[in-house]
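Participant: This is data.txt (compact mmCIF, N, CA and C atoms and all ligand atoms).
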```txt
# COMPACT_ATOMS: atom_id res chain seq x y z
N MET A 1 -6.15 4.62 -2.26
CA MET A 1 -5.46 3.67 -3.14
C MET A 1 -6.13 2.29 -3.05
N GLU A 2 -6.21 1.66 -4.18
CA GLU A 2 -6.87 0.35 -4.22
C GLU A 2 -5.83 -0.74 -4.49
N PRO A 3 -6.00 -1.93 -3.90
CA PRO A 3 -5.11 -3.03 -4.19
C PRO A 3 -5.28 -3.49 -5.65
N PRO A 4 -4.31 -4.21 -6.22
CA PRO A 4 -3.11 -4.71 -5.54
C PRO A 4 -2.03 -3.65 -5.38
N PHE A 5 -1.22 -3.84 -4.32
CA PHE A 5 -0.04 -3.04 -4.08
C PHE A 5 1.17 -3.93 -4.33
N THR A 6 2.15 -3.43 -5.05
CA THR A 6 3.34 -4.23 -5.32
C THR A 6 4.54 -3.66 -4.58
N GLY A 7 5.52 -4.52 -4.36
CA GLY A 7 6.74 -4.09 -3.69
C GLY A 7 7.80 -5.15 -3.81
N GLY A 8 8.94 -4.89 -3.17
CA GLY A 8 10.03 -5.86 -3.24
C GLY A 8 11.25 -5.35 -2.50
N CYS A 9 12.29 -6.17 -2.53
CA CYS A 9 13.53 -5.82 -1.84
C CYS A 9 14.36 -4.89 -2.72
N GLN A 10 15.47 -4.44 -2.15
CA GLN A 10 16.28 -3.45 -2.86
C GLN A 10 16.92 -4.02 -4.12
N CYS A 11 17.33 -5.30 -4.10
CA CYS A 11 18.01 -5.86 -5.28
C CYS A 11 17.03 -6.41 -6.31
N GLY A 12 15.78 -6.57 -5.92
CA GLY A 12 14.77 -7.04 -6.86
C GLY A 12 14.60 -8.55 -6.92
N ALA A 13 15.38 -9.30 -6.14
CA ALA A 13 15.26 -10.77 -6.17
C ALA A 13 13.91 -11.22 -5.63
N ILE A 14 13.38 -10.46 -4.66
CA ILE A 14 12.08 -10.82 -4.08
C ILE A 14 11.07 -9.74 -4.43
N ARG A 15 9.95 -10.18 -4.98
CA ARG A 15 8.86 -9.28 -5.34
C ARG A 15 7.58 -9.83 -4.72
N TYR A 16 6.72 -8.92 -4.30
CA TYR A 16 5.45 -9.35 -3.71
C TYR A 16 4.30 -8.50 -4.22
N GLU A 17 3.12 -9.03 -3.95
CA GLU A 17 1.88 -8.34 -4.30
C GLU A 17 0.94 -8.47 -3.11
N ILE A 18 0.26 -7.38 -2.76
CA ILE A 18 -0.74 -7.39 -1.69
C ILE A 18 -2.09 -7.22 -2.36
N THR A 19 -2.96 -8.20 -2.12
CA THR A 19 -4.19 -8.28 -2.92
C THR A 19 -5.42 -7.72 -2.21
N ALA A 20 -5.26 -7.24 -0.98
CA ALA A 20 -6.42 -6.70 -0.26
C ALA A 20 -6.01 -5.41 0.44
N LYS A 21 -7.00 -4.61 0.85
CA LYS A 21 -6.72 -3.37 1.55
C LYS A 21 -6.00 -3.67 2.86
N PRO A 22 -5.06 -2.81 3.27
CA PRO A 22 -4.36 -3.02 4.54
C PRO A 22 -5.29 -2.77 5.72
N LEU A 23 -4.88 -3.25 6.89
CA LEU A 23 -5.64 -3.04 8.12
C LEU A 23 -5.31 -1.68 8.72
N THR A 24 -4.04 -1.31 8.69
CA THR A 24 -3.63 -0.01 9.22
C THR A 24 -2.19 0.26 8.82
N LEU A 25 -1.75 1.48 9.13
CA LEU A 25 -0.36 1.88 8.92
C LEU A 25 0.06 2.77 10.08
N TYR A 26 1.18 2.43 10.73
CA TYR A 26 1.67 3.27 11.82
C TYR A 26 3.19 3.28 11.82
N ALA A 27 3.73 4.27 12.52
CA ALA A 27 5.18 4.40 12.67
C ALA A 27 5.58 3.85 14.03
N CYS A 28 6.73 3.18 14.07
CA CYS A 28 7.23 2.64 15.34
C CYS A 28 8.64 3.16 15.59
N HIS A 29 8.81 3.79 16.75
CA HIS A 29 10.09 4.40 17.11
C HIS A 29 10.86 3.55 18.12
N CYS A 30 10.53 2.27 18.23
CA CYS A 30 11.26 1.42 19.18
C CYS A 30 12.69 1.23 18.69
N THR A 31 13.57 0.87 19.62
CA THR A 31 14.99 0.74 19.25
C THR A 31 15.20 -0.43 18.29
N ASP A 32 14.32 -1.43 18.35
CA ASP A 32 14.37 -2.54 17.40
C ASP A 32 14.15 -2.05 15.97
N CYS A 33 13.14 -1.19 15.81
CA CYS A 33 12.84 -0.68 14.47
C CYS A 33 13.95 0.26 13.99
N GLN A 34 14.56 1.00 14.92
CA GLN A 34 15.68 1.86 14.52
C GLN A 34 16.84 1.00 14.02
N LYS A 35 17.11 -0.09 14.73
CA LYS A 35 18.20 -0.98 14.31
C LYS A 35 17.85 -1.69 13.00
N GLN A 36 16.64 -2.22 12.96
CA GLN A 36 16.23 -3.00 11.79
C GLN A 36 16.26 -2.15 10.52
N SER A 37 15.75 -0.90 10.62
CA SER A 37 15.66 -0.05 9.44
C SER A 37 16.99 0.65 9.16
N ALA A 38 17.91 0.56 10.12
CA ALA A 38 19.18 1.30 10.03
C ALA A 38 18.88 2.78 9.88
N SER A 39 17.79 3.22 10.50
CA SER A 39 17.35 4.60 10.36
C SER A 39 16.62 5.04 11.63
N ALA A 40 15.72 6.03 11.52
CA ALA A 40 15.15 6.63 12.73
C ALA A 40 13.92 5.90 13.26
N PHE A 41 13.17 5.25 12.38
CA PHE A 41 11.94 4.56 12.83
C PHE A 41 11.51 3.56 11.76
N GLY A 42 10.58 2.72 12.14
CA GLY A 42 10.02 1.76 11.20
C GLY A 42 8.59 2.13 10.86
N MET A 43 8.11 1.66 9.71
CA MET A 43 6.71 1.84 9.34
C MET A 43 6.09 0.47 9.12
N THR A 44 5.00 0.25 9.80
CA THR A 44 4.32 -1.03 9.71
C THR A 44 3.00 -0.89 8.97
N PHE A 45 2.91 -1.65 7.89
CA PHE A 45 1.72 -1.70 7.05
C PHE A 45 1.09 -3.06 7.37
N ARG A 46 0.09 -3.02 8.26
CA ARG A 46 -0.47 -4.29 8.75
C ARG A 46 -1.50 -4.82 7.76
N ILE A 47 -1.30 -6.07 7.35
CA ILE A 47 -2.24 -6.69 6.40
C ILE A 47 -2.65 -8.07 6.91
N GLN A 48 -3.70 -8.61 6.30
CA GLN A 48 -4.04 -10.00 6.58
C GLN A 48 -3.09 -10.91 5.81
N SER A 49 -2.61 -11.98 6.49
CA SER A 49 -1.56 -12.83 5.89
C SER A 49 -1.93 -13.34 4.51
N ASP A 50 -3.20 -13.69 4.34
CA ASP A 50 -3.57 -14.30 3.06
C ASP A 50 -3.63 -13.28 1.92
N ALA A 51 -3.39 -12.00 2.24
CA ALA A 51 -3.38 -10.97 1.19
C ALA A 51 -1.99 -10.85 0.55
N LEU A 52 -0.99 -11.52 1.13
CA LEU A 52 0.38 -11.40 0.60
C LEU A 52 0.70 -12.55 -0.35
N LYS A 53 1.12 -12.21 -1.55
CA LYS A 53 1.59 -13.22 -2.50
C LYS A 53 3.04 -12.88 -2.87
N ILE A 54 3.94 -13.83 -2.60
CA ILE A 54 5.33 -13.66 -3.04
C ILE A 54 5.37 -14.10 -4.49
N ILE A 55 5.72 -13.18 -5.38
CA ILE A 55 5.66 -13.51 -6.81
C ILE A 55 7.05 -13.73 -7.42
N ALA A 56 8.11 -13.43 -6.68
CA ALA A 56 9.47 -13.77 -7.14
C ALA A 56 10.36 -13.95 -5.93
N GLY A 57 11.22 -14.98 -5.99
CA GLY A 57 12.18 -15.24 -4.92
C GLY A 57 11.56 -15.89 -3.71
N LYS A 58 12.40 -16.10 -2.68
CA LYS A 58 11.92 -16.72 -1.44
C LYS A 58 12.62 -16.04 -0.27
N PRO A 59 11.86 -15.34 0.58
CA PRO A 59 12.50 -14.66 1.71
C PRO A 59 13.14 -15.64 2.69
N LYS A 60 14.21 -15.22 3.33
CA LYS A 60 14.78 -15.97 4.45
C LYS A 60 14.07 -15.55 5.72
N GLU A 61 14.16 -16.40 6.75
CA GLU A 61 13.48 -16.13 8.02
C GLU A 61 14.47 -15.99 9.16
N TRP A 62 14.13 -15.10 10.09
CA TRP A 62 14.91 -14.91 11.31
C TRP A 62 13.95 -14.75 12.46
N HIS A 63 14.14 -15.57 13.50
CA HIS A 63 13.23 -15.54 14.65
C HIS A 63 13.80 -14.63 15.73
N THR A 64 12.95 -13.71 16.24
CA THR A 64 13.44 -12.75 17.23
C THR A 64 12.31 -12.36 18.17
N VAL A 65 12.64 -11.56 19.19
CA VAL A 65 11.65 -11.06 20.15
C VAL A 65 11.74 -9.54 20.16
N ALA A 66 10.59 -8.87 20.00
CA ALA A 66 10.55 -7.41 19.91
C ALA A 66 10.72 -6.77 21.29
N ASP A 67 10.93 -5.42 21.31
CA ASP A 67 11.02 -4.65 22.56
C ASP A 67 9.80 -4.89 23.46
N SER A 68 8.65 -5.13 22.83
CA SER A 68 7.41 -5.35 23.57
C SER A 68 7.40 -6.71 24.25
N GLY A 69 8.38 -7.58 23.93
CA GLY A 69 8.40 -8.92 24.48
C GLY A 69 7.71 -9.93 23.60
N ASN A 70 7.18 -9.47 22.47
CA ASN A 70 6.44 -10.36 21.58
C ASN A 70 7.38 -11.00 20.55
N ALA A 71 7.23 -12.30 20.38
CA ALA A 71 8.03 -13.03 19.40
C ALA A 71 7.54 -12.71 17.99
N LYS A 72 8.48 -12.70 17.06
CA LYS A 72 8.07 -12.51 15.67
C LYS A 72 9.07 -13.21 14.76
N VAL A 73 8.61 -13.52 13.55
CA VAL A 73 9.48 -14.09 12.54
C VAL A 73 9.70 -13.02 11.49
N ALA A 74 10.96 -12.64 11.30
CA ALA A 74 11.32 -11.62 10.33
C ALA A 74 11.63 -12.27 8.99
N HIS A 75 11.11 -11.69 7.92
CA HIS A 75 11.33 -12.21 6.58
C HIS A 75 12.12 -11.17 5.79
N PHE A 76 13.22 -11.62 5.17
CA PHE A 76 14.11 -10.67 4.50
C PHE A 76 14.74 -11.29 3.27
N CYS A 77 15.33 -10.45 2.43
CA CYS A 77 16.02 -10.95 1.25
C CYS A 77 17.42 -11.42 1.66
N GLY A 78 17.74 -12.67 1.36
CA GLY A 78 19.04 -13.22 1.70
C GLY A 78 20.16 -12.67 0.84
N ASP A 79 19.82 -12.04 -0.27
CA ASP A 79 20.85 -11.48 -1.15
C ASP A 79 21.22 -10.06 -0.74
N CYS A 80 20.23 -9.18 -0.59
CA CYS A 80 20.54 -7.77 -0.31
C CYS A 80 20.24 -7.37 1.13
N GLY A 81 19.56 -8.23 1.89
CA GLY A 81 19.33 -7.95 3.31
C GLY A 81 18.12 -7.11 3.64
N THR A 82 17.37 -6.68 2.64
CA THR A 82 16.19 -5.84 2.92
C THR A 82 15.16 -6.63 3.73
N ARG A 83 14.72 -6.03 4.85
CA ARG A 83 13.61 -6.62 5.61
C ARG A 83 12.32 -6.31 4.88
N LEU A 84 11.52 -7.36 4.64
CA LEU A 84 10.28 -7.20 3.87
C LEU A 84 9.05 -7.19 4.76
N TYR A 85 8.99 -8.10 5.71
CA TYR A 85 7.83 -8.14 6.61
C TYR A 85 8.14 -9.00 7.82
N ASN A 86 7.32 -8.77 8.87
CA ASN A 86 7.40 -9.58 10.08
C ASN A 86 6.07 -10.29 10.27
N ALA A 87 6.16 -11.49 10.83
CA ALA A 87 4.96 -12.22 11.23
C ALA A 87 4.92 -12.23 12.75
N PRO A 88 4.08 -11.36 13.37
CA PRO A 88 4.04 -11.30 14.83
C PRO A 88 3.29 -12.49 15.42
N ALA A 89 3.90 -13.13 16.43
CA ALA A 89 3.31 -14.35 17.00
C ALA A 89 1.97 -14.06 17.66
N ARG A 90 1.81 -12.83 18.24
CA ARG A 90 0.57 -12.60 18.97
C ARG A 90 -0.57 -12.17 18.04
N HIS A 91 -0.28 -11.99 16.75
CA HIS A 91 -1.34 -11.66 15.79
C HIS A 91 -1.31 -12.66 14.65
N PRO A 92 -1.62 -13.93 14.93
CA PRO A 92 -1.62 -14.90 13.84
C PRO A 92 -2.64 -14.47 12.79
N GLY A 93 -2.31 -14.63 11.54
CA GLY A 93 -3.24 -14.19 10.50
C GLY A 93 -2.95 -12.80 10.02
N ALA A 94 -2.01 -12.10 10.69
CA ALA A 94 -1.64 -10.75 10.24
C ALA A 94 -0.14 -10.69 9.97
N LEU A 95 0.24 -9.82 9.06
CA LEU A 95 1.65 -9.59 8.75
C LEU A 95 1.93 -8.10 8.82
N SER A 96 3.15 -7.76 9.22
CA SER A 96 3.58 -6.37 9.26
C SER A 96 4.55 -6.13 8.10
N ILE A 97 4.01 -5.58 7.02
CA ILE A 97 4.85 -5.27 5.86
C ILE A 97 5.68 -4.03 6.19
N LYS A 98 6.96 -4.07 5.84
CA LYS A 98 7.80 -2.88 6.00
C LYS A 98 7.45 -1.93 4.87
N ALA A 99 6.76 -0.83 5.22
CA ALA A 99 6.09 -0.02 4.21
C ALA A 99 7.03 0.59 3.19
N GLY A 100 8.29 0.79 3.56
CA GLY A 100 9.25 1.36 2.62
C GLY A 100 9.59 0.45 1.47
N THR A 101 9.17 -0.82 1.54
CA THR A 101 9.44 -1.75 0.43
C THR A 101 8.34 -1.70 -0.64
N LEU A 102 7.27 -0.94 -0.39
CA LEU A 102 6.24 -0.78 -1.43
C LEU A 102 6.81 0.02 -2.60
N ASP A 103 6.37 -0.29 -3.80
CA ASP A 103 6.85 0.45 -4.98
C ASP A 103 6.40 1.90 -4.93
N ASP A 104 5.16 2.12 -4.48
CA ASP A 104 4.62 3.49 -4.41
C ASP A 104 4.36 3.83 -2.94
N THR A 105 5.20 4.69 -2.38
CA THR A 105 5.02 5.11 -0.98
C THR A 105 4.42 6.51 -0.89
N SER A 106 4.05 7.07 -2.04
CA SER A 106 3.64 8.49 -2.07
C SER A 106 2.34 8.74 -1.31
N TRP A 107 1.52 7.73 -1.15
CA TRP A 107 0.19 7.91 -0.55
C TRP A 107 0.14 7.50 0.92
N LEU A 108 1.26 7.02 1.45
CA LEU A 108 1.25 6.49 2.82
C LEU A 108 1.24 7.62 3.85
N GLN A 109 0.37 7.47 4.84
CA GLN A 109 0.38 8.42 5.96
C GLN A 109 -0.04 7.66 7.22
N PRO A 110 0.91 7.43 8.14
CA PRO A 110 0.59 6.65 9.34
C PRO A 110 -0.51 7.32 10.17
N VAL A 111 -1.33 6.51 10.83
CA VAL A 111 -2.39 7.07 11.68
C VAL A 111 -1.87 7.45 13.06
N GLY A 112 -0.70 6.96 13.42
CA GLY A 112 -0.14 7.28 14.73
C GLY A 112 1.26 6.71 14.87
N SER A 113 1.86 6.98 16.01
CA SER A 113 3.23 6.54 16.28
C SER A 113 3.29 5.84 17.63
N VAL A 114 4.01 4.73 17.68
CA VAL A 114 4.19 4.02 18.94
C VAL A 114 5.66 4.05 19.36
N TRP A 115 5.89 3.77 20.64
CA TRP A 115 7.23 3.83 21.24
C TRP A 115 7.85 5.22 21.06
N THR A 116 7.02 6.27 21.25
CA THR A 116 7.54 7.64 21.06
C THR A 116 8.60 7.98 22.11
N ARG A 117 8.62 7.27 23.23
CA ARG A 117 9.61 7.61 24.27
C ARG A 117 11.04 7.33 23.82
N SER A 118 11.20 6.44 22.82
CA SER A 118 12.56 6.19 22.33
C SER A 118 12.79 6.82 20.95
N ALA A 119 11.89 7.71 20.53
CA ALA A 119 12.10 8.39 19.24
C ALA A 119 13.37 9.22 19.28
N GLN A 120 14.07 9.29 18.16
CA GLN A 120 15.26 10.14 18.09
C GLN A 120 14.82 11.59 18.27
N PRO A 121 15.63 12.40 18.98
CA PRO A 121 15.17 13.72 19.41
C PRO A 121 14.85 14.69 18.28
N TRP A 122 15.41 14.49 17.11
CA TRP A 122 15.16 15.42 16.00
C TRP A 122 13.86 15.14 15.27
N VAL A 123 13.26 13.95 15.50
CA VAL A 123 12.10 13.55 14.72
C VAL A 123 10.85 14.29 15.21
N ALA A 124 10.16 14.96 14.29
CA ALA A 124 8.92 15.66 14.62
C ALA A 124 7.76 14.70 14.38
N ILE A 125 7.13 14.25 15.44
CA ILE A 125 6.04 13.29 15.33
C ILE A 125 4.73 14.06 15.19
N PRO A 126 3.98 13.82 14.10
CA PRO A 126 2.71 14.53 13.93
C PRO A 126 1.77 14.23 15.09
N PRO A 127 1.07 15.25 15.59
CA PRO A 127 0.14 15.01 16.70
C PRO A 127 -0.95 14.02 16.28
N SER A 128 -1.28 13.11 17.16
CA SER A 128 -2.35 12.14 16.91
C SER A 128 -2.81 11.60 18.25
N PRO A 129 -4.13 11.42 18.41
CA PRO A 129 -4.61 10.79 19.65
C PRO A 129 -4.10 9.36 19.80
N LEU A 130 -3.55 8.82 18.71
CA LEU A 130 -3.08 7.43 18.75
C LEU A 130 -1.59 7.31 19.09
N ASN A 131 -0.90 8.43 19.32
CA ASN A 131 0.51 8.31 19.69
C ASN A 131 0.64 7.69 21.07
N HIS A 132 1.59 6.76 21.22
CA HIS A 132 1.78 6.06 22.48
C HIS A 132 3.27 6.04 22.85
N GLU A 133 3.55 6.21 24.13
CA GLU A 133 4.95 6.17 24.57
C GLU A 133 5.56 4.79 24.42
N THR A 134 4.74 3.75 24.57
CA THR A 134 5.23 2.38 24.41
C THR A 134 4.26 1.65 23.47
N GLN A 135 4.07 0.35 23.71
CA GLN A 135 3.20 -0.45 22.85
C GLN A 135 1.79 -0.47 23.43
N PRO A 136 0.77 -0.02 22.67
CA PRO A 136 -0.60 -0.11 23.19
C PRO A 136 -1.02 -1.57 23.35
N ASP A 137 -1.95 -1.79 24.27
CA ASP A 137 -2.44 -3.16 24.50
C ASP A 137 -3.12 -3.72 23.26
N SER A 138 -3.81 -2.84 22.54
CA SER A 138 -4.55 -3.29 21.36
C SER A 138 -4.28 -2.31 20.23
N MET A 139 -4.23 -2.82 19.00
CA MET A 139 -4.05 -1.95 17.84
C MET A 139 -5.39 -1.65 17.18
N GLN A 140 -6.51 -2.01 17.84
CA GLN A 140 -7.82 -1.85 17.20
C GLN A 140 -8.11 -0.39 16.85
N SER A 141 -7.72 0.55 17.73
CA SER A 141 -7.98 1.97 17.43
C SER A 141 -7.19 2.41 16.20
N PHE A 142 -6.04 1.78 15.96
CA PHE A 142 -5.25 2.10 14.76
C PHE A 142 -5.96 1.58 13.51
N VAL A 143 -6.55 0.40 13.64
CA VAL A 143 -7.30 -0.17 12.51
C VAL A 143 -8.52 0.71 12.22
N ASP A 144 -9.24 1.11 13.28
CA ASP A 144 -10.44 1.93 13.10
C ASP A 144 -10.09 3.27 12.45
N ALA A 145 -9.00 3.90 12.91
CA ALA A 145 -8.62 5.21 12.38
C ALA A 145 -8.24 5.10 10.90
N TRP A 146 -7.56 4.01 10.55
CA TRP A 146 -7.18 3.82 9.14
C TRP A 146 -8.43 3.63 8.28
N GLN A 147 -9.37 2.83 8.77
CA GLN A 147 -10.60 2.59 7.99
C GLN A 147 -11.38 3.89 7.84
N ASP A 148 -11.44 4.69 8.90
CA ASP A 148 -12.15 5.97 8.84
C ASP A 148 -11.56 6.86 7.75
N ARG A 149 -10.25 6.85 7.67
CA ARG A 149 -9.58 7.75 6.74
C ARG A 149 -9.57 7.23 5.31
N ASN A 150 -9.39 5.91 5.18
CA ASN A 150 -9.15 5.34 3.84
C ASN A 150 -10.28 4.45 3.32
N GLY A 151 -11.27 4.18 4.13
CA GLY A 151 -12.40 3.37 3.69
C GLY A 151 -12.10 1.90 3.61
ZN ZN B 201 17.12 -8.43 -2.43
ZN ZN B 202 9.23 -1.06 16.49
```
Could you rewrite the structure in this file as structure tokens?

Facilitator:
Amino acid sequence: MEPPFTGGCQCGAIRYEITAKPLTLYACHCTDCQKQSASAFGMTFRIQSDALKIIAGKPKEWHTVADSGNAKVAHFCGDCGTRLYNAPARHPGALSIKAGTLDDTSWLQPVGSVWTRSAQPWVAIPPSPLNHETQPDSMQSFVDAWQDRNG
């Protein structure tokens, strides 16, 4: 898939466009992502910050600290509550788009899963050398695997 990628919140007040290829895509089974998504896991579509253009509305911000201990700023729709993306403090210049907010999710396939030790027991995690029980020290192997697969 080639950029731009479009997406938005559930009510449509906030719309965005991603103008460059993503860095990687992975699933996160941490308890934070389970709570945030109100579901079994989160999907992180990592992009460079300057690739995101908000084309309608203005996200609200919430400052929090992840299970990994890393601070992040969460951006969400103040009307419908949909989480759109996080700005992780330890990766300035990168954003974690919540992949389920993309208009077209049909082509998404995570390269690996992190925090598998807290995955809900029914979830079948596809085998991958990139699966980690907690947070890996570096996400570089996730970026490399995505580039290998998607160019
Ligand atoms: Zn909304
Ligand atoms: Zn998580």

Participant: A:Ser141, A:Thr31, A:Asn86, A:Asn150: which is nearest Lys98 in chain A, counting all atoms listed in the file?

Facilitator: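 Of A:Ser141, A:Thr31, A:Asn86, A:Asn150, the one nearest Lys98 in chain A is A:Asn86, counting all atoms listed in the file.
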
Participant: Between A:Met1, A:Leu130, A:Cys9, A:Val65, single out the one closest to Leu102 in chain A, counting only C-alpha atoms.

Facilitator: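 For Leu102 in chain A, the nearest of the given residues is A:Cys9.
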
Participant: Given only C-alpha atoms as the basis, pick out the residue of A:Ala56, A:Leu95, A:Leu108, A:Met139 nearest to Ala13 in chain A.

Facilitator: A:Ala56

Participant: Using only C-alpha atoms, which of A:Arg15, A:Pro110, A:Ala94, A:Gln10 sits nearest Gln48 in chain A?

Facilitator: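 Of all the options, A:Ala94 lies closest to Gln48 in chain A.
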
Participant: Just the residues within 8 Å of Ile125 in chain A, please, counting only C-alpha atoms, with nothing from its chain fewer than 2 positions along; format it as a ChimeraX atom specification.

Facilitator: /A:113,123,127

Participant: Identify, counting only N, CA and C atoms and all ligand atoms, the protein, DNA and RNA residues located within 6 Å of ligand ZN 202 (chain B), and give them as a list in words.

Facilitator: Cys28, His29, Cys30, Thr31, Asp32, Cys33, Gln34 and Gly42 of chain A

Participant: Rank A:Gly81, A:Gly151, A:Pro126, A:Gly7 by their smallest atom-to-atom distance to ligand ZN 201 (chain B), using only N, CA and C atoms and all ligand atoms, and report the top residue only.

Facilitator: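 Going through A:Gly81, A:Gly151, A:Pro126, A:Gly7 one by one, the smallest distance to ligand ZN 201 (chain B) is for A:Gly81.
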
Participant: Quick one: distance from CA of Pro22 in chain A to CA of Phe45 in chain A in Å, one decimal?

Facilitator: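 Distance reported for this atom pair: 6.7 Å.
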
Participant: So which residues are near ligand ZN 201 (chain B), meaning at most 7 Å away with all atoms listed in the file counted, given back as a ChimeraX atom specification?

Facilitator: /A:8-14,76-82

Participant: Report the distance between CA of Thr105 in chain A and CA of Leu25 in chain A in Å, rounded to one decimal place.

Facilitator: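 These atoms are spaced 11.7 Å apart.
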
Participant: For atom C of Val111 in chain A and atom C of Trp62 in chain A, quote the distance in Å rounded to one decimal.

Facilitator: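 For atom C of Val111 in chain A relative to atom C of Trp62 in chain A, the distance reads 27.3 Å.
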
Participant: Using all atoms listed in the file - which residues lie no farther than 6 Å from the point (8.1, 6.4, 20.8) in the file's frame? Write them as a list of chain:residue names.

Facilitator: A:His29, A:Cys30, A:Ser113, A:Val114, A:Trp115, A:Thr116, A:Arg117, A:Ser118, A:Ala119, A:His132, A:Glu133, A:Thr134

Participant: So, with all atoms listed in the file as the atoms that count, which of A:His75, A:Arg149, A:Lys58, A:Arg46 lies closest to Ser96 in chain A?

Facilitator: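 Among A:His75, A:Arg149, A:Lys58, A:Arg46, it is A:Arg46 that comes nearest to Ser96 in chain A.
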
Participant: Taking 2 positions as the minimum chain separation for residues in the same chain, which residues sit within 10 Å of Ala71 in chain A when counting only C-alpha atoms? Answer as a PyMOL selection string.

Facilitator: chain A and resi 63-69+73-74+86-90

Participant: Just write the chosen residues, N, CA and C atoms, as a PDB file, keeping the file's coordinate frame.

Facilitator:
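And here's again.pdb as it stands now:
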```
ATOM      1  N   HIS A  63      14.140 -15.570  13.500  1.00  0.00           N
ATOM      2  CA  HIS A  63      13.230 -15.540  14.650  1.00  0.00           C
ATOM      3  C   HIS A  63      13.800 -14.630  15.730  1.00  0.00           C
ATOM      4  N   THR A  64      12.950 -13.710  16.240  1.00  0.00           N
ATOM      5  CA  THR A  64      13.440 -12.750  17.230  1.00  0.00           C
ATOM      6  C   THR A  64      12.310 -12.360  18.170  1.00  0.00           C
ATOM      7  N   VAL A  65      12.640 -11.560  19.190  1.00  0.00           N
ATOM      8  CA  VAL A  65      11.650 -11.060  20.150  1.00  0.00           C
ATOM      9  C   VAL A  65      11.740  -9.540  20.160  1.00  0.00           C
ATOM     10  N   ALA A  66      10.590  -8.870  20.000  1.00  0.00           N
ATOM     11  CA  ALA A  66      10.550  -7.410  19.910  1.00  0.00           C
ATOM     12  C   ALA A  66      10.720  -6.770  21.290  1.00  0.00           C
ATOM     13  N   ASP A  67      10.930  -5.420  21.310  1.00  0.00           N
ATOM     14  CA  ASP A  67      11.020  -4.650  22.560  1.00  0.00           C
ATOM     15  C   ASP A  67       9.800  -4.890  23.460  1.00  0.00           C
ATOM     16  N   SER A  68       8.650  -5.130  22.830  1.00  0.00           N
ATOM     17  CA  SER A  68       7.410  -5.350  23.570  1.00  0.00           C
ATOM     18  C   SER A  68       7.400  -6.710  24.250  1.00  0.00           C
ATOM     19  N   GLY A  69       8.380  -7.580  23.930  1.00  0.00           N
ATOM     20  CA  GLY A  69       8.400  -8.920  24.480  1.00  0.00           C
ATOM     21  C   GLY A  69       7.710  -9.930  23.600  1.00  0.00           C
ATOM     22  N   VAL A  73       8.610 -13.520  13.550  1.00  0.00           N
ATOM     23  CA  VAL A  73       9.480 -14.090  12.540  1.00  0.00           C
ATOM     24  C   VAL A  73       9.700 -13.020  11.490  1.00  0.00           C
ATOM     25  N   ALA A  74      10.960 -12.640  11.300  1.00  0.00           N
ATOM     26  CA  ALA A  74      11.320 -11.620  10.330  1.00  0.00           C
ATOM     27  C   ALA A  74      11.630 -12.270   8.990  1.00  0.00           C
ATOM     28  N   ASN A  86       7.320  -8.770   8.870  1.00  0.00           N
ATOM     29  CA  ASN A  86       7.400  -9.580  10.080  1.00  0.00           C
ATOM     30  C   ASN A  86       6.070 -10.290  10.270  1.00  0.00           C
ATOM     31  N   ALA A  87       6.160 -11.490  10.830  1.00  0.00           N
ATOM     32  CA  ALA A  87       4.960 -12.220  11.230  1.00  0.00           C
ATOM     33  C   ALA A  87       4.920 -12.230  12.750  1.00  0.00           C
ATOM     34  N   PRO A  88       4.080 -11.360  13.370  1.00  0.00           N
ATOM     35  CA  PRO A  88       4.040 -11.300  14.830  1.00  0.00           C
ATOM     36  C   PRO A  88       3.290 -12.490  15.420  1.00  0.00           C
ATOM     37  N   ALA A  89       3.900 -13.130  16.430  1.00  0.00           N
ATOM     38  CA  ALA A  89       3.310 -14.350  17.000  1.00  0.00           C
ATOM     39  C   ALA A  89       1.970 -14.060  17.660  1.00  0.00           C
ATOM     40  N   ARG A  90       1.810 -12.830  18.240  1.00  0.00           N
ATOM     41  CA  ARG A  90       0.570 -12.600  18.970  1.00  0.00           C
ATOM     42  C   ARG A  90      -0.570 -12.170  18.040  1.00  0.00           C
TER      43      ARG A  90
END
```

Participant: Apply DSSP to the structure's backbone, then extract all residues of chain A labelled alpha helix (DSSP H) and return them as a PyMOL selection string.

Facilitator: chain A and resi 31-37+140-150

Participant: Check range 11-132 of chain A with DSSP on the backbone and list each residue it calls strand (DSSP E or B), as a PyMOL selection string.

Facilitator: chain A and resi 15-18+24-28+42-48+52-56+60-65+71-76+83-88+94-98+102+113-114

Participant: What lies within 6 Å of Met43 in chain A using only C-alpha atoms, ignoring chain neighbours under 2 positions off, as a list in words?

Facilitator: Tyr26, Ala27, Lys98 and Ala99 of chain A
